[in-house]
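To be precise, the following lines are protein.txt, and they hold compact mmCIF, C-alpha atoms.
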# COMPACT_ATOMS: atom_id res chain seq x y z
CA MET F 338 0.00 0.00 0.00
CA ALA F 339 1.50 3.32 -1.12
CA LYS F 340 2.03 6.12 1.46
CA ASP F 341 0.05 9.33 1.09
CA PHE F 342 2.40 11.39 3.31
CA LEU F 343 6.08 12.30 3.85
CA THR F 344 8.02 11.92 7.01
CA VAL F 345 9.75 14.99 8.41
CA GLU F 346 13.09 13.52 7.45
CA GLU F 347 11.91 12.90 3.89
CA LEU F 348 10.61 16.46 3.61
CA ASN F 349 13.81 18.01 4.91
CA PHE F 350 15.88 15.71 2.68
CA TYR F 351 13.87 16.84 -0.33
CA ILE F 352 14.32 20.53 0.59
CA ASN F 353 18.05 20.02 1.04
CA ASN F 354 18.32 18.48 -2.42
CA LEU F 355 16.65 21.56 -3.88
CA PHE F 356 19.36 23.74 -2.39
CA LEU F 357 22.08 21.35 -3.55
CA GLU F 358 20.78 21.38 -7.09
CA GLU F 359 20.68 25.22 -7.25
CA GLU F 360 24.22 26.19 -8.27
CA LEU F 361 23.61 29.87 -7.53
CA LEU F 362 23.33 28.99 -3.87
CA HIS F 363 26.70 27.21 -3.82
CA ASN F 364 28.58 30.51 -3.93
CA VAL F 365 26.28 33.32 -2.93
CA PRO F 366 27.35 36.83 -1.76
CA VAL F 367 25.03 38.18 0.98
CA LEU F 368 25.18 41.72 2.40
CA GLY F 369 23.82 42.47 5.87
CA GLU F 370 24.43 43.63 9.42
CA VAL F 371 26.13 41.42 12.01
CA SER F 372 24.32 40.55 15.21
CA GLY F 373 25.08 38.17 18.08
CA CYS F 374 28.54 37.29 16.87
CA SER F 375 30.44 34.69 18.87
CA VAL F 376 33.41 32.39 18.36
CA VAL F 377 33.15 28.88 19.84
CA GLY F 378 35.69 26.12 19.34
CA GLY F 379 37.37 27.90 16.44
CA HIS F 380 34.05 28.47 14.63
CA CYS F 381 32.28 31.82 14.17
CA TYR F 382 28.49 32.10 14.46
CA PHE F 383 26.30 35.16 13.97
CA THR F 384 23.07 36.42 12.45
CA LEU F 385 23.16 38.50 9.30
CA LYS F 386 20.23 40.97 9.16
CA ASP F 387 18.67 43.79 7.30
CA ASP F 388 15.42 45.69 7.96
CA LYS F 389 13.18 42.86 6.73
CA ALA F 390 14.91 39.49 7.18
CA GLN F 391 17.74 37.58 8.79
CA VAL F 392 19.79 34.43 8.19
CA LYS F 393 22.18 32.37 10.30
CA ILE F 394 25.88 32.41 9.33
CA CYS F 395 28.36 29.69 10.23
CA PHE F 396 32.06 30.23 9.52
CA PHE F 397 33.86 26.98 10.34
CA ASN F 398 37.59 26.97 11.10
CA CYS F 399 37.71 30.78 11.21
CA ARG F 400 41.16 31.06 12.78
CA GLY F 401 43.17 33.73 10.98
CA ALA F 402 40.09 35.02 9.14
CA TYR F 403 38.31 38.34 9.68
CA ILE F 404 35.90 38.21 12.62
CA PRO F 405 33.15 40.86 12.34
CA LYS F 406 31.77 43.00 15.16
CA ASN F 407 28.15 43.37 16.15
CA GLY F 408 26.45 46.11 14.20
CA GLU F 409 29.01 45.98 11.44
CA GLN F 410 27.87 45.63 7.84
CA VAL F 411 29.69 42.84 6.01
CA LEU F 412 29.62 40.94 2.75
CA VAL F 413 29.49 37.18 3.36
CA ARG F 414 30.39 34.68 0.64
CA GLY F 415 29.35 31.10 1.21
CA ARG F 416 27.10 28.18 0.42
CA VAL F 417 23.48 27.92 1.48
CA ASP F 418 23.05 24.90 3.71
CA TYR F 419 19.87 23.25 4.90
CA PHE F 420 20.35 21.20 8.07
CA ILE F 421 18.15 18.15 7.62
CA LYS F 422 18.03 17.05 11.24
CA GLY F 423 17.18 20.46 12.63
CA GLY F 424 15.24 21.77 9.66
CA THR F 425 17.16 25.06 9.72
CA LEU F 426 18.66 27.17 6.98
CA SER F 427 22.07 28.83 7.25
CA VAL F 428 24.97 30.03 5.13
CA ASN F 429 28.29 28.28 5.51
CA ALA F 430 30.66 31.18 4.96
CA TYR F 431 34.17 30.94 3.56
CA GLN F 432 34.84 34.67 3.33
CA ILE F 433 33.72 37.73 5.32
CA ILE F 434 34.53 41.21 4.04
CA PRO F 435 33.81 44.46 5.99
CA TYR F 436 31.39 46.57 4.00
CA GLY F 437 30.77 49.58 6.24
CA LYS F 438 28.89 50.45 9.39
CA GLY F 439 25.52 48.78 9.89
CA GLU F 440 22.42 50.80 9.03
CA LEU F 441 20.73 50.15 12.40
CA HIS F 442 23.82 51.22 14.29
CA ALA F 443 24.19 54.29 12.11
CA ARG F 444 20.59 55.35 12.76
CA LEU F 445 21.05 54.70 16.46
CA GLU F 446 24.21 56.79 16.61
CA GLU F 447 22.47 59.65 14.81
CA LEU F 448 19.51 59.53 17.22
CA LYS F 449 21.79 59.24 20.25
CA LYS F 450 23.78 62.28 19.13
CA ARG F 451 20.61 64.31 18.58
CA LEU F 452 19.12 63.44 21.97
CA GLU F 453 22.43 64.15 23.68
CA GLU F 454 22.59 67.59 22.05
CA GLU F 455 19.07 68.28 23.31
CA GLY F 456 20.25 67.55 26.85
CA LEU F 457 18.29 64.36 27.58
CA PHE F 458 21.37 62.67 29.01
CA ARG F 459 22.57 65.51 31.28
CA GLU F 460 23.25 64.71 34.91
CA GLU F 461 21.52 67.87 36.06
CA TYR F 462 18.15 66.43 34.97
CA LYS F 463 18.58 63.07 36.68
CA LYS F 464 16.48 62.42 39.78
CA THR F 465 17.84 60.85 42.94
CA ILE F 466 17.00 57.19 43.46
CA PRO F 467 15.51 56.69 46.97
CA LEU F 468 17.88 54.90 49.33
CA ARG F 469 15.09 52.79 50.83
CA PRO F 470 12.04 52.77 48.56
CA SER F 471 8.83 51.24 49.90
CA ARG F 472 6.75 51.09 46.68
CA VAL F 473 8.51 49.82 43.57
CA ALA F 474 7.12 49.08 40.11
CA ILE F 475 8.93 46.88 37.61
CA ILE F 476 7.95 47.15 33.96
CA THR F 477 8.86 43.93 32.19
CA SER F 478 7.44 40.68 30.85
CA VAL F 479 6.10 38.42 33.59
CA LYS F 480 7.11 35.46 31.40
CA GLY F 481 10.74 36.52 31.19
CA ALA F 482 13.61 35.59 33.47
CA ALA F 483 14.20 39.25 34.28
CA PHE F 484 11.16 39.50 36.53
CA GLN F 485 11.85 36.23 38.33
CA ASP F 486 15.47 37.21 38.95
CA PHE F 487 14.40 40.65 40.17
CA PHE F 488 11.64 39.34 42.45
CA THR F 489 13.79 36.55 43.94
CA THR F 490 16.74 38.85 44.60
CA VAL F 491 14.62 41.50 46.31
CA ARG F 492 12.78 39.01 48.52
CA LYS F 493 16.00 37.39 49.70
CA LYS F 494 16.82 40.54 51.63
CA ASN F 495 13.57 42.39 51.93
CA LYS F 496 10.02 41.21 52.66
CA ILE F 497 8.42 44.61 53.20
CA ILE F 498 8.85 46.37 49.85
CA ASP F 499 5.58 46.65 47.95
CA LEU F 500 6.44 45.26 44.51
CA THR F 501 4.15 45.86 41.52
CA VAL F 502 4.85 44.21 38.17
CA ILE F 503 3.50 45.82 35.01
CA ASP F 504 3.43 43.23 32.24
CA VAL F 505 4.57 44.43 28.79
CA ARG F 506 5.98 42.89 25.66
CA VAL F 507 9.73 43.45 25.63
CA GLN F 508 10.34 42.57 21.99
CA GLY F 509 8.55 42.91 18.70
CA GLU F 510 6.29 45.44 17.04
CA SER F 511 4.07 46.15 20.07
CA CYS F 512 6.94 46.54 22.53
CA VAL F 513 7.36 50.31 22.18
CA ASP F 514 3.65 51.07 22.57
CA ASP F 515 3.39 48.76 25.59
CA VAL F 516 6.40 50.27 27.31
CA VAL F 517 5.40 53.91 26.69
CA THR F 518 1.87 53.29 28.02
CA ALA F 519 3.22 51.46 31.08
CA LEU F 520 5.70 54.25 31.84
CA VAL F 521 3.04 56.97 31.65
CA ASN F 522 0.57 55.04 33.82
CA ALA F 523 3.18 54.07 36.42
CA ASP F 524 4.45 57.64 36.61
CA ASP F 525 0.96 58.83 37.59
CA TYR F 526 0.52 56.14 40.23
CA GLY F 527 2.95 57.54 42.79
CA PHE F 528 5.62 54.84 43.04
CA ASP F 529 8.87 55.66 44.83
CA VAL F 530 10.87 54.28 41.92
CA ILE F 531 10.21 52.48 38.62
CA VAL F 532 12.44 49.79 37.11
CA LEU F 533 12.37 49.13 33.37
CA ALA F 534 13.85 45.66 32.88
CA ARG F 535 14.54 43.08 30.22
CA GLY F 536 16.86 40.08 30.05
CA GLY F 537 19.73 39.73 27.65
CA GLY F 538 19.46 39.36 23.90
CA SER F 539 20.94 40.35 20.58
CA PHE F 540 21.28 43.91 19.42
CA GLU F 541 18.10 43.52 17.40
CA ASP F 542 16.23 41.95 20.33
CA LEU F 543 16.98 44.99 22.46
CA TYR F 544 16.55 47.54 19.71
CA SER F 545 13.02 48.55 20.79
CA PHE F 546 14.56 50.13 23.89
CA ASN F 547 16.45 52.50 21.58
CA ASP F 548 13.16 53.98 20.40
CA GLU F 549 12.94 57.77 20.60
CA ARG F 550 9.44 57.70 22.09
CA ILE F 551 10.56 55.60 25.04
CA ALA F 552 13.57 57.85 25.63
CA ARG F 553 11.50 61.04 25.61
CA THR F 554 8.84 59.48 27.86
CA ILE F 555 11.49 58.56 30.44
CA PHE F 556 12.94 62.07 30.30
CA LYS F 557 9.55 63.65 31.07
CA MET F 558 8.76 61.37 34.02
CA LYS F 559 8.58 62.77 37.56
CA THR F 560 9.23 59.36 39.16
CA PRO F 561 12.89 58.20 39.39
CA LEU F 562 13.60 55.39 36.91
CA VAL F 563 16.25 52.66 36.82
CA SER F 564 17.09 51.11 33.46
CA ALA F 565 18.04 47.41 33.61
CA ILE F 566 18.11 46.30 29.96
CA GLY F 567 20.15 43.27 28.89
CA HIS F 568 23.57 42.45 30.27
CA GLU F 569 26.55 44.51 31.39
CA THR F 570 27.86 45.02 27.85
CA ASP F 571 24.45 45.97 26.44
CA TYR F 572 23.62 49.66 26.19
CA THR F 573 20.39 51.22 25.00
CA LEU F 574 19.13 54.80 24.92
CA CYS F 575 17.09 53.98 28.02
CA ASP F 576 20.35 53.58 29.94
CA PHE F 577 21.52 57.07 28.97
CA VAL F 578 18.27 58.93 29.68
CA ALA F 579 17.30 57.00 32.84
CA ASP F 580 18.13 58.37 36.27
CA ARG F 581 20.34 55.34 36.90
CA ARG F 582 21.53 52.33 34.95
CA ALA F 583 21.77 48.82 36.38
CA ILE F 584 23.92 46.37 34.43
CA THR F 585 21.30 43.61 34.81
CA PRO F 586 17.80 43.20 36.29
CA THR F 587 19.43 41.37 39.18
CA ALA F 588 21.70 44.36 39.79
CA ALA F 589 18.61 46.60 39.80
CA ALA F 590 17.06 44.33 42.43
CA GLU F 591 20.20 44.70 44.56
CA ILE F 592 19.73 48.48 44.40
CA MET F 593 16.03 48.36 45.27
CA GLY F 594 16.00 45.53 47.80
CA PHE F 595 17.82 47.06 50.72
CA ASP F 596 18.60 44.55 53.46
CA THR F 597 16.01 45.03 56.23
CA GLU F 598 18.21 43.19 58.74
CA LEU F 599 21.00 45.67 58.13
CA VAL F 600 18.52 48.52 58.52
CA LYS F 601 17.19 47.03 61.75
CA ASN F 602 20.70 46.51 63.10
CA GLY F 603 21.54 50.04 62.03
CA ILE F 604 18.53 51.37 63.92
CA TYR F 605 19.54 49.42 67.05
CA GLU F 606 23.07 50.74 66.72
CA LEU F 607 21.76 54.26 66.21
CA ILE F 608 19.57 53.96 69.30
CA GLU F 609 22.55 52.73 71.32
CA ASN F 610 24.68 55.59 70.02
CA ILE F 611 21.93 58.07 70.89
CA ALA F 612 21.62 56.55 74.37
CA ASP F 613 25.39 56.77 74.83
CA LYS F 614 25.39 60.36 73.60
CA VAL F 615 22.48 61.28 75.88
CA THR F 616 24.20 59.64 78.86
CA GLU F 617 27.45 61.37 78.01
CA LYS F 618 25.66 64.71 77.62
CA TYR F 619 23.81 64.14 80.90
CA GLU F 620 27.00 63.31 82.74
CA ASP F 621 28.78 66.30 81.21
CA ALA F 622 25.84 68.54 82.09
CA LEU F 623 25.69 67.14 85.62
CA GLU F 624 29.41 67.69 86.05
CA SER F 625 29.05 71.22 84.66
CA VAL F 626 26.18 71.94 87.05
CA GLN F 627 28.16 70.56 89.97
CA ASP F 628 31.20 72.61 88.98
CA ALA F 629 29.01 75.67 88.52
CA GLY F 630 27.38 75.02 91.90
CA GLU F 631 30.76 74.66 93.58
CA GLU F 632 32.01 77.82 91.89
CA LEU F 633 28.82 79.63 92.87
CA LYS F 634 29.25 78.40 96.42
CA ASN F 635 32.85 79.62 96.50
CA ARG F 636 31.88 82.94 95.01
CA ALA F 637 28.98 83.29 97.42
CA SER F 638 31.26 82.45 100.33
CA LEU F 639 33.85 84.92 99.07
CA LEU F 640 31.18 87.54 98.53
CA TYR F 641 29.69 86.83 101.95
CA ASN F 642 33.08 87.19 103.64
CA LYS F 643 33.79 90.32 101.66
CA GLN F 644 30.42 91.82 102.51
CA TYR F 645 30.72 90.63 106.12
CA TRP F 646 33.97 92.49 106.58
CA ALA F 647 32.56 95.42 104.71
CA VAL F 648 29.59 95.50 107.11
CA LEU F 649 31.92 95.20 110.09
CA ASN F 650 34.06 98.02 108.75
CA LEU F 651 30.93 100.04 108.11
CA ILE F 652 29.68 99.41 111.65
CA SER F 653 33.09 100.35 113.01
CA LEU F 654 33.08 103.49 110.89
CA ILE F 655 29.56 104.34 112.03
CA ARG F 656 30.56 103.81 115.61
CA THR F 657 33.66 105.96 115.18
CA ASN F 658 31.70 108.67 113.39
CA ALA F 659 28.96 108.47 116.03
CA ARG F 660 31.54 108.74 118.82
CA HIS F 661 33.24 111.66 117.15
CA SER F 662 29.87 113.28 116.50
CA THR F 663 28.84 112.72 120.10
CA GLU F 664 32.11 114.11 121.36
CA ARG F 665 31.74 117.17 119.12
CA LYS F 666 28.17 117.67 120.30
CA GLU F 667 29.23 117.17 123.90
CA GLN F 668 31.97 119.76 123.46
CA LYS F 669 29.54 122.13 121.75
CA LEU F 670 26.93 121.54 124.46
CA LYS F 671 29.57 122.09 127.16
CA ALA F 672 30.46 125.36 125.46
CA TYR F 673 26.81 126.31 125.50
CA PHE F 674 26.57 125.35 129.19
CA ASP F 675 29.71 127.28 129.97
CA LYS F 676 28.43 130.31 128.15
CA LEU F 677 25.01 129.91 129.76
CA GLU F 678 26.61 129.52 133.12
CA SER F 679 28.68 132.61 132.50
CA LEU F 680 25.49 134.49 131.75
CA SER F 681 23.69 133.15 134.81
CA PRO F 682 22.53 135.81 137.26
CA LEU F 683 24.01 133.76 140.00
CA LYS F 684 27.39 134.31 138.48
CA GLN F 685 26.72 138.03 138.53
CA LEU F 686 25.58 137.80 142.08
CA ASP F 687 28.72 135.91 142.87
CA LYS F 688 30.63 138.94 141.68
CA GLY F 689 28.93 141.18 144.24
CA TYR F 690 25.93 142.24 142.26
CA PHE F 691 22.39 142.18 143.76
CA LYS F 692 19.01 141.64 142.15
CA LEU F 693 16.00 143.75 143.08
CA ILE F 694 12.52 142.24 143.10
CA LYS F 695 9.46 144.41 143.19
CA ASP F 696 6.06 142.89 143.32
CA ASN F 697 7.64 139.58 142.21
CA TRP F 698 9.15 141.19 139.11
CA ALA F 699 12.78 141.90 138.56
CA VAL F 700 13.69 145.59 138.58
CA ASN F 701 15.76 146.42 135.54
CA SER F 702 16.02 150.20 135.90
CA ILE F 703 15.80 152.97 138.50
CA GLY F 704 12.87 154.33 136.61
CA GLU F 705 10.79 151.40 137.77
CA LEU F 706 11.21 152.40 141.40
CA GLU F 707 9.34 154.96 143.36
CA THR F 708 10.09 156.53 146.71
CA GLY F 709 8.45 154.40 149.36
CA ASP F 710 8.50 151.15 147.26
CA THR F 711 9.39 148.01 149.15
CA VAL F 712 11.81 145.77 147.30
CA ASP F 713 13.54 142.48 147.96
CA ILE F 714 17.30 142.48 147.58
CA LEU F 715 18.67 139.12 146.39
CA GLY F 716 22.31 138.37 146.93
CA ILE F 717 24.47 135.31 146.54
CA ASP F 718 24.11 134.46 150.13
CA GLY F 719 20.50 135.50 150.91
CA LYS F 720 17.71 138.07 150.65
CA ALA F 721 16.97 141.39 152.33
CA THR F 722 13.97 143.73 152.21
CA ALA F 723 14.39 147.46 151.82
CA THR F 724 12.30 150.62 151.34
CA ILE F 725 13.17 153.13 148.70
CA THR F 726 13.64 156.46 150.44
CA ALA F 727 15.07 158.40 147.54
CA LYS F 728 16.07 157.92 143.92
CA GLU F 729 18.24 159.81 141.48
CA MET F 730 18.12 159.37 137.71
CA LYS F 731 21.08 160.01 135.45
CA LYS F 732 20.87 163.10 133.45
Can the structure in the file be given as structure tokens, please?
Amino acid sequence: MAKDFLTVEELNFYINNLFLEEELLHNVPVLGEVSGCSVVGGHCYFTLKDDKAQVKICFFNCRGAYIPKNGEQVLVRGRVDYFIKGGTLSVNAYQIIPYGKGELHARLEELKKRLEEEGLFREEYKKTIPLRPSRVAIITSVKGAAFQDFFTTVRKKNKIIDLTVIDVRVQGESCVDDVVTALVNADDYGFDVIVLARGGGSFEDLYSFNDERIARTIFKMKTPLVSAIGHETDYTLCDFVADRRAITPTAAAEIMGFDTELVKNGIYELIENIADKVTEKYEDALESVQDAGEELKNRASLLYNKQYWAVLNLISLIRTNARHSTERKEQKLKAYFDKLESLSPLKQLDKGYFKLIKDNWAVNSIGELETGDTVDILGIDGKATATITAKEMKK
């Protein structure tokens, strides 16, 4: 019974024969841009691309031959080969000739230069990444390894950060629209920091992150952004315009996921330092107060002694002045008494004078007397009574 189908091997064998029979494909020159170039075991492998298609290149035993660089445009001469077992098409190269700089790289360099001249890469516009963010958004594909690496790394050290993943396509035609929309929405949501992440890949795989719209969206954002695209050697425009670049998504997680144990230990240490400082300040203050009290006591004692002696001196001075004043007053009073005594009628009487009393009034002149008046005569040693028999007035 005849078969009405082909096995996979038979189909691939048939396709391979078609390529073998086409002589044009035995020595074909192909022009394109190099991507993902690597040398393994003395053989060179890379993808040759243009804007619309790509093909695998294998250059066996390439030692001593020209090895192209990623992004470089080269002319490859070789034979088209169809691998039956794997069902893949490639070109087995025997010659690689540099042909000029790749078109994608040239366009990227032109765009990078223009954005740099506009100031999108300047440090003065970059925002500070929070040291200990509490709300973090990561924009990436939930199916990719980047998110898993990021999430696992953060949670190893930190269980309290609020992580939000925003799922986007990180490759292909819809990548740019997805990323721009996610950036705008996340920026309005109030996160502490946003991480834009993607795992490694070829230059073409990462090329969407060189899009001008993404770069300008990042520049306009008010939320700090970390770019974690590809591996350490991969650079995109996002890395230049972002507030900080992480060499991998895992490195971005190391930045975001601060170690809570270290923070806790730091807080304990800070509290201990504060307690030590407070105790030290208290002891210094207490010592200062005690010293001030002792000094005040000494000064008070000195002032007391000084004032005590001043009071004693003042009392002594007052006493001296009072004694002198009393003595002066006594002398003055004695002078008054002496003078008064000298003016005393008794003193006059003692000198031989007599005092006449008429009708209990002292007689001061002869004119007060009349013939026949009776008067008392007072002397120092007694009294006598007499009658006026005659009087004679001075002319």
### Message
Using all atoms listed in the file, can you tell me which of F:Lys728, F:His661, F:Val392, F:Lys464 comes closest to Asp710 in chain F?
### Response
F:Lys728
If we count all atoms listed in the file and set the cut-off at 8 Å, which residues sit around range 396-402 of chain F, ignoring sequence neighbours fewer than 3 positions away in its own chain? Please answer as a short mmCIF file (atom, residue, chain, number, x, y, z; two decimals) with C-alpha atoms, keeping the file's coordinate frame.
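Output file out00.cif follows:
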data_model
loop_
_atom_site.label_atom_id
_atom_site.label_comp_id
_atom_site.auth_asym_id
_atom_site.auth_seq_id
_atom_site.Cartn_x
_atom_site.Cartn_y
_atom_site.Cartn_z
CA GLY F 379 37.37 27.90 16.44
CA HIS F 380 34.05 28.47 14.63
CA CYS F 381 32.28 31.82 14.17
CA TYR F 382 28.49 32.10 14.46
CA ASN F 429 28.29 28.28 5.51
CA ALA F 430 30.66 31.18 4.96
CA TYR F 431 34.17 30.94 3.56
CA GLN F 432 34.84 34.67 3.33
CA ILE F 433 33.72 37.73 5.32
#
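Between CA of Thr501 in chain F and CA of Asn522 in chain F the separation is 12.5 Å.
Using all atoms listed in the file, the smallest distance between any of F:Gly456, F:Lys559, F:Ile421, F:Val413 and Thr344 in chain F comes from F:Ile421.
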### Query
Is there a way to get, as a PyMOL selection string, all residues within 12 Å of the point (9.2, 38.8, 40.4) in file coordinates, counting only C-alpha atoms?
chain F and resi 473-493+499-504+532+534+586-587+590
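Closest to Gly716 in chain F among F:Lys731, F:Lys692, F:Arg506, F:Arg472 is F:Lys692, based on only C-alpha atoms.
For the pair CA of Asn407 in chain F and CA of Gln391 in chain F, the interatomic distance is 14.0 Å.
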### Query
If you measure from CA of Thr425 in chain F to CA of Asp571 in chain F, what distance in Å do you get, rounded to one decimal?
27.7 Å
Give me the box for range 709-722 of chain F as JSON, namely the centre and edge lengths in Å to one decimal of a box along x, y and z that holds every listed atom plus 8 Å on each side.
{"center_x": 16.5, "center_y": 144.4, "center_z": 149.4, "size_x": 32.0, "size_y": 35.9, "size_z": 21.9}
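Near Glu370 in chain F, within a cut-off of 7 Å and counting all atoms listed in the file, sit the residues Leu385, Lys386, Asp387, Gly408, Glu409, Gln410, Val411 and Gly439 of chain F, with same-chain residues fewer than 6 positions away left out.
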Since fewer atoms than expected are present, regenerate N, CA and C atoms for range 689-704 of chain F and write them as an mmCIF file, keeping the file's coordinate frame.
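selection.cif, written as the output of this step:
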data_model
loop_
_atom_site.group_PDB
_atom_site.id
_atom_site.type_symbol
_atom_site.label_atom_id
_atom_site.label_comp_id
_atom_site.auth_asym_id
_atom_site.auth_seq_id
_atom_site.Cartn_x
_atom_site.Cartn_y
_atom_site.Cartn_z
ATOM 1 N N GLY F 689 29.248 140.078 143.346
ATOM 2 C CA GLY F 689 28.930 141.180 144.240
ATOM 3 C C GLY F 689 27.750 141.992 143.799
ATOM 4 N N TYR F 690 27.111 141.540 142.737
ATOM 5 C CA TYR F 690 25.930 142.240 142.260
ATOM 6 C C TYR F 690 24.719 141.691 143.019
ATOM 7 N N PHE F 691 23.624 142.591 143.096
ATOM 8 C CA PHE F 691 22.390 142.180 143.760
ATOM 9 C C PHE F 691 21.241 142.354 142.798
ATOM 10 N N LYS F 692 20.191 141.597 143.003
ATOM 11 C CA LYS F 692 19.010 141.640 142.150
ATOM 12 C C LYS F 692 17.846 142.147 142.975
ATOM 13 N N LEU F 693 17.120 143.157 142.379
ATOM 14 C CA LEU F 693 16.000 143.750 143.080
ATOM 15 C C LEU F 693 14.725 143.144 142.546
ATOM 16 N N ILE F 694 13.804 142.820 143.478
ATOM 17 C CA ILE F 694 12.520 142.240 143.100
ATOM 18 C C ILE F 694 11.444 143.124 143.648
ATOM 19 N N LYS F 695 10.571 143.588 142.770
ATOM 20 C CA LYS F 695 9.460 144.410 143.190
ATOM 21 C C LYS F 695 8.195 143.760 142.704
ATOM 22 N N ASP F 696 7.332 143.526 143.682
ATOM 23 C CA ASP F 696 6.060 142.890 143.320
ATOM 24 C C ASP F 696 6.300 141.650 142.472
ATOM 25 N N ASN F 697 7.274 140.849 142.862
ATOM 26 C CA ASN F 697 7.640 139.580 142.210
ATOM 27 C C ASN F 697 8.187 139.756 140.788
ATOM 28 N N TRP F 698 8.566 140.929 140.421
ATOM 29 C CA TRP F 698 9.150 141.190 139.110
ATOM 30 C C TRP F 698 10.533 141.785 139.304
ATOM 31 N N ALA F 699 11.423 141.376 138.458
ATOM 32 C CA ALA F 699 12.780 141.900 138.560
ATOM 33 C C ALA F 699 12.792 143.352 138.131
ATOM 34 N N VAL F 700 13.559 144.149 138.888
ATOM 35 C CA VAL F 700 13.690 145.590 138.580
ATOM 36 C C VAL F 700 14.913 145.729 137.701
ATOM 37 N N ASN F 701 14.667 146.311 136.510
ATOM 38 C CA ASN F 701 15.760 146.420 135.540
ATOM 39 C C ASN F 701 16.300 147.853 135.453
ATOM 40 N N SER F 702 15.531 148.810 135.965
ATOM 41 C CA SER F 702 16.020 150.200 135.900
ATOM 42 C C SER F 702 15.502 150.984 137.108
ATOM 43 N N ILE F 703 16.156 152.118 137.386
ATOM 44 C CA ILE F 703 15.800 152.970 138.500
ATOM 45 C C ILE F 703 14.449 153.572 138.263
ATOM 46 N N GLY F 704 14.140 153.702 136.968
ATOM 47 C CA GLY F 704 12.870 154.330 136.610
ATOM 48 C C GLY F 704 11.672 153.528 137.073
#
